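Data file: protein_2.txt. Format and content: compact mmCIF, N, CA and C atoms.
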# COMPACT_ATOMS: atom_id res chain seq x y z
N MET K 1 0.08 9.11 -0.04
CA MET K 1 1.45 8.65 0.08
C MET K 1 1.55 7.61 1.20
N GLN K 2 0.83 7.82 2.29
CA GLN K 2 0.92 6.90 3.41
C GLN K 2 0.51 5.49 2.99
N ILE K 3 -0.55 5.39 2.23
CA ILE K 3 -1.04 4.07 1.80
C ILE K 3 -0.01 3.41 0.89
N PHE K 4 0.58 4.17 -0.01
CA PHE K 4 1.59 3.61 -0.91
C PHE K 4 2.83 3.17 -0.15
N LEU K 5 3.36 4.04 0.71
CA LEU K 5 4.61 3.71 1.39
C LEU K 5 4.44 2.58 2.39
N GLU K 6 3.38 2.61 3.18
CA GLU K 6 3.15 1.50 4.11
C GLU K 6 2.88 0.21 3.34
N GLY K 7 2.15 0.31 2.24
CA GLY K 7 1.88 -0.88 1.42
C GLY K 7 3.14 -1.49 0.85
N ILE K 8 4.03 -0.64 0.37
CA ILE K 8 5.30 -1.14 -0.17
C ILE K 8 6.15 -1.74 0.95
N ALA K 9 6.16 -1.10 2.13
CA ALA K 9 6.92 -1.64 3.26
C ALA K 9 6.41 -3.03 3.63
N VAL K 10 5.09 -3.18 3.71
CA VAL K 10 4.52 -4.49 4.03
C VAL K 10 4.92 -5.52 2.97
N GLY K 11 4.83 -5.14 1.70
CA GLY K 11 5.20 -6.04 0.62
C GLY K 11 6.66 -6.47 0.69
N LEU K 12 7.54 -5.53 0.98
CA LEU K 12 8.97 -5.85 1.08
C LEU K 12 9.24 -6.78 2.26
N PHE K 13 8.66 -6.47 3.41
CA PHE K 13 8.88 -7.34 4.56
C PHE K 13 8.30 -8.74 4.34
N GLN K 14 7.17 -8.84 3.67
CA GLN K 14 6.63 -10.16 3.34
C GLN K 14 7.61 -10.93 2.46
N ARG K 15 8.20 -10.24 1.51
CA ARG K 15 9.18 -10.88 0.62
C ARG K 15 10.42 -11.31 1.40
N PHE K 16 10.93 -10.43 2.29
CA PHE K 16 12.09 -10.78 3.12
C PHE K 16 11.79 -12.00 3.98
N GLN K 17 10.61 -12.02 4.56
CA GLN K 17 10.22 -13.14 5.41
C GLN K 17 10.16 -14.44 4.61
N GLN K 18 9.57 -14.36 3.46
CA GLN K 18 9.43 -15.54 2.60
C GLN K 18 10.78 -16.09 2.16
N ASP K 19 11.72 -15.19 1.86
CA ASP K 19 13.00 -15.60 1.29
C ASP K 19 14.09 -15.85 2.32
N SER K 20 13.88 -15.48 3.57
CA SER K 20 14.93 -15.62 4.57
C SER K 20 15.14 -17.09 4.96
N PRO K 21 16.39 -17.54 4.93
CA PRO K 21 16.67 -18.91 5.37
C PRO K 21 16.80 -19.03 6.89
N ASP K 22 16.83 -17.88 7.59
CA ASP K 22 17.06 -17.86 9.03
C ASP K 22 15.75 -17.82 9.79
N PRO K 23 15.46 -18.85 10.61
CA PRO K 23 14.20 -18.88 11.36
C PRO K 23 14.03 -17.69 12.32
N LEU K 24 15.13 -17.24 12.95
CA LEU K 24 15.04 -16.09 13.85
C LEU K 24 14.65 -14.84 13.06
N MET K 25 15.25 -14.65 11.89
CA MET K 25 14.93 -13.50 11.06
C MET K 25 13.46 -13.55 10.64
N ARG K 26 12.97 -14.73 10.28
CA ARG K 26 11.55 -14.85 9.90
C ARG K 26 10.64 -14.49 11.07
N ASP K 27 11.02 -14.91 12.28
CA ASP K 27 10.23 -14.57 13.47
C ASP K 27 10.24 -13.07 13.73
N LEU K 28 11.40 -12.45 13.60
CA LEU K 28 11.50 -11.00 13.79
C LEU K 28 10.67 -10.24 12.75
N ILE K 29 10.74 -10.70 11.52
CA ILE K 29 9.99 -10.03 10.46
C ILE K 29 8.49 -10.20 10.67
N THR K 30 8.08 -11.30 11.28
CA THR K 30 6.67 -11.47 11.62
C THR K 30 6.20 -10.33 12.53
N LEU K 31 7.04 -9.97 13.50
CA LEU K 31 6.69 -8.87 14.40
C LEU K 31 6.69 -7.53 13.67
N VAL K 32 7.66 -7.32 12.78
CA VAL K 32 7.71 -6.10 11.99
C VAL K 32 6.47 -6.01 11.11
N LEU K 33 6.10 -7.11 10.48
CA LEU K 33 4.91 -7.14 9.62
C LEU K 33 3.65 -6.80 10.40
N ARG K 34 3.55 -7.32 11.59
CA ARG K 34 2.39 -7.02 12.43
C ARG K 34 2.30 -5.52 12.69
N ASP K 35 3.45 -4.91 12.99
CA ASP K 35 3.49 -3.48 13.26
C ASP K 35 3.19 -2.67 12.00
N GLU K 36 3.80 -3.01 10.88
CA GLU K 36 3.55 -2.29 9.62
C GLU K 36 2.09 -2.43 9.19
N SER K 37 1.52 -3.61 9.35
CA SER K 37 0.12 -3.81 8.99
C SER K 37 -0.80 -2.96 9.85
N ARG K 38 -0.43 -2.82 11.11
CA ARG K 38 -1.21 -1.97 12.02
C ARG K 38 -1.14 -0.51 11.56
N HIS K 39 0.06 -0.04 11.18
CA HIS K 39 0.20 1.33 10.66
C HIS K 39 -0.70 1.53 9.44
N ALA K 40 -0.64 0.58 8.53
CA ALA K 40 -1.45 0.69 7.31
C ALA K 40 -2.93 0.68 7.64
N GLY K 41 -3.34 -0.15 8.58
CA GLY K 41 -4.74 -0.21 8.98
C GLY K 41 -5.22 1.10 9.60
N PHE K 42 -4.40 1.69 10.48
CA PHE K 42 -4.77 2.97 11.07
C PHE K 42 -4.86 4.04 9.98
N GLY K 43 -3.96 3.98 9.01
CA GLY K 43 -3.99 4.95 7.92
C GLY K 43 -5.28 4.86 7.13
N VAL K 44 -5.73 3.65 6.86
CA VAL K 44 -6.98 3.47 6.12
C VAL K 44 -8.15 4.06 6.89
N ILE K 45 -8.23 3.79 8.18
CA ILE K 45 -9.33 4.31 8.99
C ILE K 45 -9.31 5.84 9.00
N TYR K 46 -8.14 6.41 9.25
CA TYR K 46 -8.01 7.87 9.32
C TYR K 46 -8.32 8.52 7.98
N LEU K 47 -7.71 7.98 6.91
CA LEU K 47 -7.88 8.60 5.60
C LEU K 47 -9.30 8.43 5.05
N ALA K 48 -9.95 7.32 5.36
CA ALA K 48 -11.33 7.14 4.91
C ALA K 48 -12.22 8.21 5.52
N ASP K 49 -12.01 8.50 6.79
CA ASP K 49 -12.80 9.53 7.45
C ASP K 49 -12.51 10.90 6.84
N LYS K 50 -11.25 11.21 6.62
CA LYS K 50 -10.87 12.49 6.01
C LYS K 50 -11.41 12.62 4.60
N PHE K 51 -11.35 11.55 3.82
CA PHE K 51 -11.81 11.59 2.44
C PHE K 51 -13.31 11.80 2.37
N ARG K 52 -14.07 11.14 3.25
CA ARG K 52 -15.52 11.30 3.28
C ARG K 52 -15.92 12.73 3.60
N SER K 53 -15.16 13.39 4.46
CA SER K 53 -15.53 14.74 4.87
C SER K 53 -14.92 15.84 3.99
N ALA K 54 -14.16 15.46 2.98
CA ALA K 54 -13.54 16.45 2.09
C ALA K 54 -14.58 17.04 1.14
N SER K 55 -14.31 18.25 0.71
CA SER K 55 -15.18 18.89 -0.28
C SER K 55 -15.04 18.16 -1.62
N ALA K 56 -15.97 18.41 -2.52
CA ALA K 56 -15.92 17.78 -3.84
C ALA K 56 -14.63 18.16 -4.57
N ALA K 57 -14.22 19.41 -4.45
CA ALA K 57 -12.98 19.86 -5.11
C ALA K 57 -11.76 19.16 -4.52
N GLU K 58 -11.74 19.03 -3.19
CA GLU K 58 -10.62 18.35 -2.53
C GLU K 58 -10.59 16.86 -2.89
N ARG K 59 -11.76 16.25 -2.95
CA ARG K 59 -11.82 14.84 -3.35
C ARG K 59 -11.28 14.65 -4.76
N ALA K 60 -11.64 15.56 -5.67
CA ALA K 60 -11.15 15.48 -7.05
C ALA K 60 -9.64 15.64 -7.10
N ARG K 61 -9.11 16.58 -6.30
CA ARG K 61 -7.65 16.78 -6.25
C ARG K 61 -6.94 15.55 -5.72
N ILE K 62 -7.50 14.93 -4.68
CA ILE K 62 -6.91 13.72 -4.11
C ILE K 62 -6.96 12.58 -5.12
N GLU K 63 -8.09 12.42 -5.79
CA GLU K 63 -8.22 11.35 -6.79
C GLU K 63 -7.21 11.54 -7.92
N ARG K 64 -7.00 12.77 -8.36
CA ARG K 64 -5.99 13.03 -9.41
C ARG K 64 -4.60 12.68 -8.90
N PHE K 65 -4.29 13.11 -7.68
CA PHE K 65 -2.98 12.84 -7.10
C PHE K 65 -2.72 11.33 -6.99
N VAL K 66 -3.70 10.61 -6.47
CA VAL K 66 -3.54 9.16 -6.31
C VAL K 66 -3.40 8.48 -7.68
N GLY K 67 -4.18 8.90 -8.66
CA GLY K 67 -4.06 8.35 -10.01
C GLY K 67 -2.69 8.62 -10.60
N ASP K 68 -2.19 9.85 -10.42
CA ASP K 68 -0.85 10.20 -10.91
C ASP K 68 0.22 9.38 -10.20
N LEU K 69 0.07 9.21 -8.90
CA LEU K 69 1.04 8.42 -8.13
C LEU K 69 1.03 6.97 -8.58
N TRP K 70 -0.15 6.43 -8.81
CA TRP K 70 -0.28 5.04 -9.28
C TRP K 70 0.45 4.88 -10.62
N ARG K 71 0.22 5.81 -11.55
CA ARG K 71 0.88 5.73 -12.86
C ARG K 71 2.39 5.90 -12.73
N LEU K 72 2.84 6.77 -11.82
CA LEU K 72 4.26 6.96 -11.60
C LEU K 72 4.92 5.67 -11.13
N PHE K 73 4.33 5.01 -10.15
CA PHE K 73 4.88 3.74 -9.68
C PHE K 73 4.87 2.71 -10.81
N HIS K 74 3.82 2.69 -11.58
CA HIS K 74 3.73 1.76 -12.71
C HIS K 74 4.87 2.02 -13.69
N ASP K 75 5.09 3.27 -14.04
CA ASP K 75 6.15 3.61 -14.99
C ASP K 75 7.54 3.36 -14.42
N MET K 76 7.73 3.67 -13.14
CA MET K 76 9.05 3.48 -12.51
C MET K 76 9.43 2.01 -12.45
N THR K 77 8.47 1.15 -12.26
CA THR K 77 8.77 -0.27 -12.12
C THR K 77 8.64 -1.01 -13.44
N ALA K 78 8.12 -0.33 -14.46
CA ALA K 78 7.87 -0.95 -15.77
C ALA K 78 7.10 -2.25 -15.59
N SER K 79 6.12 -2.20 -14.70
CA SER K 79 5.35 -3.39 -14.38
C SER K 79 3.88 -3.15 -14.66
N PRO K 80 3.22 -4.14 -15.22
CA PRO K 80 1.77 -4.02 -15.39
C PRO K 80 1.01 -4.36 -14.11
N PHE K 81 1.74 -4.62 -13.01
CA PHE K 81 1.14 -5.05 -11.75
C PHE K 81 0.23 -6.25 -12.01
N GLY K 82 0.76 -7.22 -12.65
CA GLY K 82 -0.02 -8.41 -12.94
C GLY K 82 0.86 -9.63 -13.01
N GLY K 83 0.23 -10.77 -13.00
CA GLY K 83 0.97 -12.01 -13.12
C GLY K 83 0.99 -12.76 -11.81
N ALA K 84 0.91 -14.06 -11.92
CA ALA K 84 0.90 -14.91 -10.73
C ALA K 84 2.25 -14.84 -10.03
N ASN K 85 2.22 -14.79 -8.70
CA ASN K 85 3.42 -14.79 -7.87
C ASN K 85 4.34 -13.62 -8.15
N ASP K 86 3.81 -12.55 -8.67
CA ASP K 86 4.60 -11.35 -8.93
C ASP K 86 4.58 -10.48 -7.68
N PHE K 87 5.77 -10.21 -7.12
CA PHE K 87 5.88 -9.41 -5.91
C PHE K 87 5.15 -8.08 -6.05
N LEU K 88 5.38 -7.39 -7.16
CA LEU K 88 4.72 -6.10 -7.35
C LEU K 88 3.22 -6.25 -7.52
N ALA K 89 2.80 -7.29 -8.19
CA ALA K 89 1.36 -7.50 -8.37
C ALA K 89 0.68 -7.67 -7.03
N ASP K 90 1.25 -8.47 -6.16
CA ASP K 90 0.66 -8.70 -4.84
C ASP K 90 0.67 -7.42 -4.01
N THR K 91 1.79 -6.71 -4.03
CA THR K 91 1.92 -5.47 -3.25
C THR K 91 0.92 -4.43 -3.72
N PHE K 92 0.82 -4.24 -5.04
CA PHE K 92 -0.07 -3.20 -5.54
C PHE K 92 -1.54 -3.61 -5.52
N ALA K 93 -1.81 -4.90 -5.52
CA ALA K 93 -3.20 -5.35 -5.32
C ALA K 93 -3.64 -4.98 -3.89
N ASP K 94 -2.72 -5.13 -2.93
CA ASP K 94 -3.02 -4.76 -1.56
C ASP K 94 -3.21 -3.24 -1.44
N ILE K 95 -2.36 -2.48 -2.11
CA ILE K 95 -2.50 -1.02 -2.08
C ILE K 95 -3.84 -0.60 -2.71
N ARG K 96 -4.18 -1.21 -3.84
CA ARG K 96 -5.45 -0.90 -4.50
C ARG K 96 -6.62 -1.19 -3.55
N HIS K 97 -6.55 -2.33 -2.85
CA HIS K 97 -7.61 -2.70 -1.90
C HIS K 97 -7.73 -1.65 -0.80
N ARG K 98 -6.62 -1.20 -0.27
CA ARG K 98 -6.66 -0.19 0.79
C ARG K 98 -7.24 1.13 0.27
N LEU K 99 -6.86 1.50 -0.95
CA LEU K 99 -7.40 2.73 -1.53
C LEU K 99 -8.91 2.62 -1.71
N GLN K 100 -9.38 1.45 -2.13
CA GLN K 100 -10.82 1.24 -2.30
C GLN K 100 -11.54 1.34 -0.96
N ARG K 101 -10.92 0.84 0.11
CA ARG K 101 -11.54 0.93 1.44
C ARG K 101 -11.67 2.38 1.90
N ILE K 102 -10.76 3.23 1.42
CA ILE K 102 -10.85 4.65 1.73
C ILE K 102 -11.96 5.31 0.94
N GLY K 103 -12.25 4.75 -0.22
CA GLY K 103 -13.27 5.32 -1.09
C GLY K 103 -12.71 5.81 -2.42
N LEU K 104 -11.44 5.51 -2.66
CA LEU K 104 -10.78 5.93 -3.89
C LEU K 104 -10.78 4.80 -4.91
N GLU K 105 -11.22 5.10 -6.10
CA GLU K 105 -11.18 4.15 -7.20
C GLU K 105 -10.14 4.62 -8.20
N LEU K 106 -9.26 3.74 -8.60
CA LEU K 106 -8.25 4.11 -9.59
C LEU K 106 -8.85 4.03 -10.97
N ARG K 107 -8.59 5.03 -11.78
CA ARG K 107 -9.08 5.06 -13.16
C ARG K 107 -7.92 5.12 -14.10
As structure tokens, please, write out the structure in this file.
Amino acid sequence: MQIFLEGIAVGLFQRFQQDSPDPLMRDLITLVLRDESRHAGFGVIYLADKFRSASAAERARIERFVGDLWRLFHDMTASPFGGANDFLADTFADIRHRLQRIGLELR
């Protein structure tokens, strides 16, 4: 959940920064993005260590949970997570990358 929620937060703030006409707001969001990215990075480091040390049964349970969560987000957004310049595609590509760094492959 941490990877998904932090990933979505980063994606939303990137979108707000990109679309904001106010230079001060863009500068503030830059600082928020730096902080959110740091949270996500710490999560990857922590979760990768936990995942490596989990039992085979626990790893299987986590993989099922993450796969179910991925499909839930896909169904909720009715998005194939694809397409150029697609906000969701970029956000979920980043989430997928973070999950892979932990050692989780989506199937």
Nearest-residue call for Leu104 (chain K), choices K:Glu6, K:Glu63, K:Ile45, K:Gly11, using all atoms listed in the file: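 Looking at the shortest contact to Leu104 (chain K), the residue is K:Glu63.
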Minimum-distance residue to Leu31 (chain K), chosen among K:Val44, K:Phe13, K:Glu105, K:Val66 (using only C-alpha atoms):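 So, comparing all the options, the nearest one is K:Phe13.
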Residues near Val10 (chain K), cut-off 9 Å, only C-alpha atoms, skip fewer than 4 positions along chain, as a list of chain:residue names: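 Returned residues: K:Leu5, K:Glu6, K:Gln14, K:Arg15, K:Val32, K:Leu33, K:Glu36, K:Ser37, K:Ala40, K:Thr91.
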Write the residues of the selection above to a file with N, CA and C atoms, as a compact mmCIF listing (two decimals), in the frame of the given file.
# COMPACT_ATOMS: atom_id res chain seq x y z
N LEU K 5 3.36 4.04 0.71
CA LEU K 5 4.61 3.71 1.39
C LEU K 5 4.44 2.58 2.39
N GLU K 6 3.38 2.61 3.18
CA GLU K 6 3.15 1.50 4.11
C GLU K 6 2.88 0.21 3.34
N GLN K 14 7.17 -8.84 3.67
CA GLN K 14 6.63 -10.16 3.34
C GLN K 14 7.61 -10.93 2.46
N ARG K 15 8.20 -10.24 1.51
CA ARG K 15 9.18 -10.88 0.62
C ARG K 15 10.42 -11.31 1.40
N VAL K 32 7.66 -7.32 12.78
CA VAL K 32 7.71 -6.10 11.99
C VAL K 32 6.47 -6.01 11.11
N LEU K 33 6.10 -7.11 10.48
CA LEU K 33 4.91 -7.14 9.62
C LEU K 33 3.65 -6.80 10.40
N GLU K 36 3.80 -3.01 10.88
CA GLU K 36 3.55 -2.29 9.62
C GLU K 36 2.09 -2.43 9.19
N SER K 37 1.52 -3.61 9.35
CA SER K 37 0.12 -3.81 8.99
C SER K 37 -0.80 -2.96 9.85
N ALA K 40 -0.64 0.58 8.53
CA ALA K 40 -1.45 0.69 7.31
C ALA K 40 -2.93 0.68 7.64
N THR K 91 1.79 -6.71 -4.03
CA THR K 91 1.92 -5.47 -3.25
C THR K 91 0.92 -4.43 -3.72
Selected residue of minimal separation from Leu47 (chain K) among K:Arg64, K:Arg59, K:Arg34, K:Arg71, counting only C-alpha atoms: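 That would be K:Arg59, the residue with the smallest distance to Leu47 (chain K).
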Coordinates-based distance that separates CA of Ala54 (chain K) from atom C of Ala89 (chain K) (Å, one decimal):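 That distance, rounded to one decimal, is 29.4 Å.
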Atom pair atom N of Met76 (chain K) / atom N of Asp90 (chain K): separation (Å):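 Atom-to-atom, atom N of Met76 (chain K) to atom N of Asp90 (chain K), that is 15.4 Å.
Among the candidate residues K:Asp27, K:Leu88, K:Asp75, K:Leu99, the one lying nearest to Phe4 (chain K) is K:Leu99, with distances computed using all atoms listed in the file.
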Option closest in space to Phe65 (chain K), from K:Ala9, K:Arg98, K:Leu106, K:Gly41 [counting only C-alpha atoms]: K:Leu106
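Among K:Gln100, K:Ile95, K:Thr30, K:Arg61, the residue with the shortest atom-to-atom distance to Gly7 (chain K), counting only N, CA and C atoms, is K:Ile95.
The space between atom C of Ile8 (chain K) and atom N of Ile102 (chain K) spans 17.6 Å.
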Axis-aligned box for all listed atoms of region 34-53 of chain K, 3 Å per side, centre and edges in Å to one decimal, as AutoDock Vina command-line options:
--center_x -6.1 --center_y 4.3 --center_z 7.8 --size_x 25.7 --size_y 29.2 --size_z 16.9
Backbone-only DSSP, alpha helix (DSSP H) members of chain K, as a PyMOL selection string: chain K and resi 2-19+23-52+56-77+87-102
